[in-house]
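What follows is the content of model.cif (mmCIF, C-alpha atoms).
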data_protein
loop_
_atom_site.group_PDB
_atom_site.id
_atom_site.type_symbol
_atom_site.label_atom_id
_atom_site.label_comp_id
_atom_site.auth_asym_id
_atom_site.auth_seq_id
_atom_site.Cartn_x
_atom_site.Cartn_y
_atom_site.Cartn_z
ATOM 1 C CA MET A 1 45.087 -6.425 146.827
ATOM 2 C CA GLN A 2 41.500 -6.202 147.927
ATOM 3 C CA TYR A 3 38.891 -4.435 145.819
ATOM 4 C CA HIS A 4 35.447 -3.000 146.460
ATOM 5 C CA ARG A 5 32.726 -2.650 143.871
ATOM 6 C CA ILE A 6 31.274 0.846 143.589
ATOM 7 C CA PRO A 7 27.503 0.458 144.119
ATOM 8 C CA HIS A 8 25.364 0.662 140.980
ATOM 9 C CA SER A 9 28.422 0.358 138.726
ATOM 10 C CA SER A 10 30.840 -2.195 137.393
ATOM 11 C CA LEU A 11 33.886 -0.408 138.881
ATOM 12 C CA GLU A 12 36.139 -2.468 141.124
ATOM 13 C CA VAL A 13 38.339 -0.118 143.163
ATOM 14 C CA SER A 14 41.450 -1.105 145.102
ATOM 15 C CA VAL A 15 41.257 -0.486 148.850
ATOM 16 C CA LEU A 16 44.474 1.508 148.513
ATOM 17 C CA GLY A 17 44.852 4.391 146.089
ATOM 18 C CA LEU A 18 47.794 6.404 144.818
ATOM 19 C CA GLY A 19 47.700 10.105 145.689
ATOM 20 C CA THR A 20 49.644 12.211 143.219
ATOM 21 C CA MET A 21 49.711 15.752 144.596
ATOM 22 C CA THR A 22 53.514 15.977 144.536
ATOM 23 C CA PHE A 23 53.984 14.943 140.888
ATOM 24 C CA GLY A 24 55.616 17.957 139.250
ATOM 25 C CA GLU A 25 56.867 19.560 142.470
ATOM 26 C CA GLN A 26 58.734 16.905 144.464
ATOM 27 C CA ASN A 27 58.656 14.241 141.748
ATOM 28 C CA SER A 28 59.922 14.365 138.185
ATOM 29 C CA GLU A 29 57.924 12.941 135.291
ATOM 30 C CA ALA A 30 60.167 9.841 135.303
ATOM 31 C CA ASP A 31 59.602 9.431 139.060
ATOM 32 C CA ALA A 32 55.843 9.803 138.578
ATOM 33 C CA HIS A 33 55.819 7.144 135.848
ATOM 34 C CA ALA A 34 57.867 4.782 138.033
ATOM 35 C CA GLN A 35 55.483 5.275 140.976
ATOM 36 C CA LEU A 36 52.440 4.726 138.766
ATOM 37 C CA ASP A 37 54.015 1.535 137.339
ATOM 38 C CA TYR A 38 54.830 0.293 140.846
ATOM 39 C CA ALA A 39 51.329 1.004 142.140
ATOM 40 C CA LEU A 40 49.667 -0.754 139.203
ATOM 41 C CA ALA A 41 51.988 -3.770 139.570
ATOM 42 C CA ALA A 42 51.000 -3.948 143.256
ATOM 43 C CA GLY A 43 47.317 -4.068 142.297
ATOM 44 C CA ILE A 44 46.495 -0.443 143.066
ATOM 45 C CA ASN A 45 44.113 0.832 140.417
ATOM 46 C CA LEU A 46 42.767 4.024 142.040
ATOM 47 C CA ILE A 47 44.748 7.076 140.930
ATOM 48 C CA ASP A 48 43.761 10.352 142.623
ATOM 49 C CA THR A 49 44.686 13.746 141.183
ATOM 50 C CA ALA A 50 43.357 17.307 140.867
ATOM 51 C CA GLU A 51 43.514 20.210 138.444
ATOM 52 C CA MET A 52 45.383 22.356 140.970
ATOM 53 C CA TYR A 53 48.203 19.845 141.604
ATOM 54 C CA PRO A 54 51.048 19.849 142.354
ATOM 55 C CA VAL A 55 51.033 21.509 145.729
ATOM 56 C CA PRO A 56 51.865 24.081 146.751
ATOM 57 C CA PRO A 57 49.945 25.603 143.847
ATOM 58 C CA ARG A 58 52.065 27.843 141.642
ATOM 59 C CA PRO A 59 51.203 29.189 138.171
ATOM 60 C CA GLU A 60 54.343 27.671 136.632
ATOM 61 C CA THR A 61 53.557 24.132 137.830
ATOM 62 C CA GLN A 62 49.738 24.059 137.856
ATOM 63 C CA GLY A 63 48.448 21.026 135.968
ATOM 64 C CA LEU A 64 51.789 19.175 135.836
ATOM 65 C CA THR A 65 50.476 16.303 137.930
ATOM 66 C CA GLU A 66 47.675 15.603 135.455
ATOM 67 C CA ARG A 67 50.108 16.038 132.545
ATOM 68 C CA TYR A 68 52.475 13.437 134.035
ATOM 69 C CA ILE A 69 49.619 10.993 134.559
ATOM 70 C CA GLY A 70 48.418 11.731 131.019
ATOM 71 C CA SER A 71 51.829 11.051 129.494
ATOM 72 C CA TRP A 72 51.983 7.790 131.471
ATOM 73 C CA ILE A 73 48.535 6.740 130.203
ATOM 74 C CA LYS A 74 49.555 7.581 126.630
ATOM 75 C CA ALA A 75 52.891 5.749 126.891
ATOM 76 C CA ARG A 76 51.437 2.634 128.549
ATOM 77 C CA GLY A 77 48.064 2.504 126.761
ATOM 78 C CA ASN A 78 46.481 1.271 129.968
ATOM 79 C CA ARG A 79 43.600 3.669 130.697
ATOM 80 C CA GLU A 80 41.138 0.795 131.112
ATOM 81 C CA LYS A 81 43.245 -0.677 133.947
ATOM 82 C CA ILE A 82 42.869 2.288 136.287
ATOM 83 C CA VAL A 83 40.111 4.074 138.159
ATOM 84 C CA LEU A 84 40.953 7.732 137.593
ATOM 85 C CA ALA A 85 39.687 10.400 139.988
ATOM 86 C CA SER A 86 40.244 14.139 139.725
ATOM 87 C CA LYS A 87 38.932 17.293 141.373
ATOM 88 C CA VAL A 88 37.791 20.763 140.360
ATOM 89 C CA ALA A 89 39.150 23.623 142.482
ATOM 90 C CA GLY A 90 36.668 25.963 144.098
ATOM 91 C CA PRO A 91 37.058 29.709 144.534
ATOM 92 C CA THR A 92 40.561 30.970 145.165
ATOM 93 C CA ARG A 93 41.811 30.733 148.708
ATOM 94 C CA ASN A 94 45.387 31.961 148.348
ATOM 95 C CA ASN A 95 47.636 31.988 145.325
ATOM 96 C CA ASP A 96 45.878 29.436 143.125
ATOM 97 C CA SER A 97 44.018 31.878 140.857
ATOM 98 C CA ALA A 98 46.194 30.793 137.909
ATOM 99 C CA ILE A 99 43.998 27.710 137.506
ATOM 100 C CA ARG A 100 41.152 29.730 135.961
ATOM 101 C CA PRO A 101 40.404 33.449 136.180
ATOM 102 C CA GLN A 102 37.141 32.714 137.980
ATOM 103 C CA GLN A 103 36.836 29.477 139.910
ATOM 104 C CA ALA A 104 33.148 29.521 140.749
ATOM 105 C CA LEU A 105 31.608 26.071 141.045
ATOM 106 C CA ASP A 106 29.018 26.789 138.379
ATOM 107 C CA ARG A 107 28.345 24.839 135.180
ATOM 108 C CA LYS A 108 30.598 26.998 132.980
ATOM 109 C CA ASN A 109 33.630 26.713 135.258
ATOM 110 C CA ILE A 110 33.155 23.046 136.139
ATOM 111 C CA ARG A 111 32.853 22.134 132.448
ATOM 112 C CA ALA A 112 35.948 24.201 131.569
ATOM 113 C CA ALA A 113 37.896 22.566 134.403
ATOM 114 C CA LEU A 114 36.787 19.093 133.335
ATOM 115 C CA ASP A 115 37.702 19.695 129.677
ATOM 116 C CA ASP A 116 41.159 20.966 130.664
ATOM 117 C CA SER A 117 41.749 18.006 132.986
ATOM 118 C CA LEU A 118 40.712 15.504 130.308
ATOM 119 C CA LYS A 119 43.191 17.066 127.859
ATOM 120 C CA ARG A 120 46.038 16.993 130.364
ATOM 121 C CA LEU A 121 45.185 13.400 131.346
ATOM 122 C CA ASN A 122 45.025 12.148 127.722
ATOM 123 C CA THR A 123 41.638 10.556 128.279
ATOM 124 C CA ASP A 124 38.040 11.173 127.313
ATOM 125 C CA TYR A 125 36.525 10.224 130.688
ATOM 126 C CA LEU A 126 37.052 10.225 134.441
ATOM 127 C CA ASP A 127 35.699 7.561 136.744
ATOM 128 C CA LEU A 128 35.186 9.985 139.621
ATOM 129 C CA TYR A 129 35.028 13.795 139.572
ATOM 130 C CA GLN A 130 34.931 15.685 142.858
ATOM 131 C CA LEU A 131 34.868 19.185 144.323
ATOM 132 C CA HIS A 132 38.229 19.917 145.928
ATOM 133 C CA TRP A 133 36.527 22.205 148.449
ATOM 134 C CA PRO A 134 33.090 23.776 148.690
ATOM 135 C CA GLN A 135 32.016 27.213 147.536
ATOM 136 C CA ARG A 136 30.902 28.254 150.973
ATOM 137 C CA SER A 137 32.432 29.197 154.243
ATOM 138 C CA ALA A 138 33.651 26.012 155.910
ATOM 139 C CA ASN A 139 36.374 24.877 158.289
ATOM 140 C CA TYR A 140 38.560 23.022 155.834
ATOM 141 C CA PHE A 141 42.333 22.533 155.823
ATOM 142 C CA GLY A 142 42.433 22.499 159.639
ATOM 143 C CA LYS A 143 41.958 26.206 160.331
ATOM 144 C CA LEU A 144 42.333 26.948 164.022
ATOM 145 C CA ASN A 145 39.814 29.281 165.667
ATOM 146 C CA TYR A 146 37.457 29.042 162.706
ATOM 147 C CA GLN A 147 34.680 31.633 162.777
ATOM 148 C CA TYR A 148 31.522 30.749 160.884
ATOM 149 C CA SER A 149 30.284 33.385 158.446
ATOM 150 C CA ASP A 150 26.707 33.784 157.297
ATOM 151 C CA GLU A 151 27.767 35.163 153.913
ATOM 152 C CA MET A 152 25.779 33.805 151.011
ATOM 153 C CA ALA A 153 27.563 31.707 148.408
ATOM 154 C CA THR A 154 27.456 33.149 144.902
ATOM 155 C CA VAL A 155 26.750 29.681 143.510
ATOM 156 C CA THR A 156 24.305 27.413 145.296
ATOM 157 C CA LEU A 157 25.034 23.770 146.019
ATOM 158 C CA LEU A 158 22.101 22.850 143.792
ATOM 159 C CA GLU A 159 23.615 24.756 140.846
ATOM 160 C CA THR A 160 26.934 22.991 141.420
ATOM 161 C CA LEU A 161 25.252 19.580 141.501
ATOM 162 C CA GLU A 162 23.224 20.339 138.372
ATOM 163 C CA SER A 163 26.483 20.954 136.493
ATOM 164 C CA ALA A 164 26.835 17.184 136.160
ATOM 165 C CA GLN A 165 23.811 16.962 133.890
#
Write-out of the structure in structure tokens:
Amino acid sequence: MQYHRIPHSSLEVSVLGLGTMTFGEQNSEADAHAQLDYALAAGINLIDTAEMYPVPPRPETQGLTERYIGSWIKARGNREKIVLASKVAGPTRNNDSAIRPQQALDRKNIRAALDDSLKRLNTDYLDLYQLHWPQRSANYFGKLNYQYSDEMATVTLLETLESAQ
């Protein structure tokens, strides 16, 4: 496996990562653990997840992906061997409002999302934390015939970025 060093850090990240968005929907916990074991044995150390997983988002399964990864980390005691990345969900698009009542990308919501993810993942840190989608009108998820809107975001990009402080 080849690895790349993240600039200005000591993190060495595998060129391939394991996406986990089906853990808890198409994959059982045992399947998820087996896939994580296989990936790690193959030299893959980047594990990508999100608070809204699995997809499609449903209230009864929301967070299962992170829980499965968390139970794997707890069972294997190998947190230091992986580069763990997760994502905070932005404002509700469809039926994913069960994640949090208000999904604004402000400090309060980002911190709440991060705390919940850390609990589900059985860890006290993430190596990479990302926005799953922006809090602004954008052509994401391959919308056809996208029409730009001039509506103002309720949370500015600057406020979202300052949440990391």
Residues returned when the PyMOL selection byres ((chain A and resi 11-25) around 9) runs on this file, as a PyMOL selection string: chain A and resi 1-10+26-29+31-32+35-36+39+43-50+52-56+61-69+82-83+127
Residues in the PyMOL selection byres ((chain A and resi 121) around 7), expressed as a VMD selection string: chain A and resid 66 to 67 69 to 70 117 to 120 122 to 123
Go ahead and write the selection's residues with C-alpha atoms as a PDB file, keeping the file's coordinate frame.
ATOM      1  CA  GLU A  66      47.675  15.603 135.455  1.00  0.00           C
ATOM      2  CA  ARG A  67      50.108  16.038 132.545  1.00  0.00           C
ATOM      3  CA  ILE A  69      49.619  10.993 134.559  1.00  0.00           C
ATOM      4  CA  GLY A  70      48.418  11.731 131.019  1.00  0.00           C
ATOM      5  CA  SER A 117      41.749  18.006 132.986  1.00  0.00           C
ATOM      6  CA  LEU A 118      40.712  15.504 130.308  1.00  0.00           C
ATOM      7  CA  LYS A 119      43.191  17.066 127.859  1.00  0.00           C
ATOM      8  CA  ARG A 120      46.038  16.993 130.364  1.00  0.00           C
ATOM      9  CA  ASN A 122      45.025  12.148 127.722  1.00  0.00           C
ATOM     10  CA  THR A 123      41.638  10.556 128.279  1.00  0.00           C
TER      11      THR A 123
END
Test item: the PyMOL selection byres ((chain A and resi 163) around 8) resolved as number ranges by chain: A: 106-107, 110-111, 159-162, 164-165
Point-to-point distance from atom CA of Gln130 of chain A to atom CA of Lys87 of chain A, Å rounded to tenths: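 Separation between atom CA of Gln130 of chain A and atom CA of Lys87 of chain A: 4.6 Å.
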Atomic separation - atom CA of Ala112 of chain A relative to atom CA of Arg100 of chain A, Å: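 Atom-to-atom, atom CA of Arg100 of chain A and atom CA of Ala112 of chain A are spaced 8.8 Å apart.
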Gap from atom CA of Ala30 of chain A to atom CA of Leu131 of chain A - Å, one decimal: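 Taking atom CA of Ala30 of chain A and atom CA of Leu131 of chain A, their separation equals 28.4 Å.
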Counting all atoms listed in the file, the residue of A:Pro57, A:Leu126, A:Ala41, A:Val88 that sits nearest Ala113 of chain A: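 Smallest distance to Ala113 of chain A is found for A:Val88.
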Closest of A:Glu60, A:Asp37, A:Asp116, A:Glu51 to Ser86 of chain A - atom-to-atom distances counting all atoms listed in the file: A:Glu51
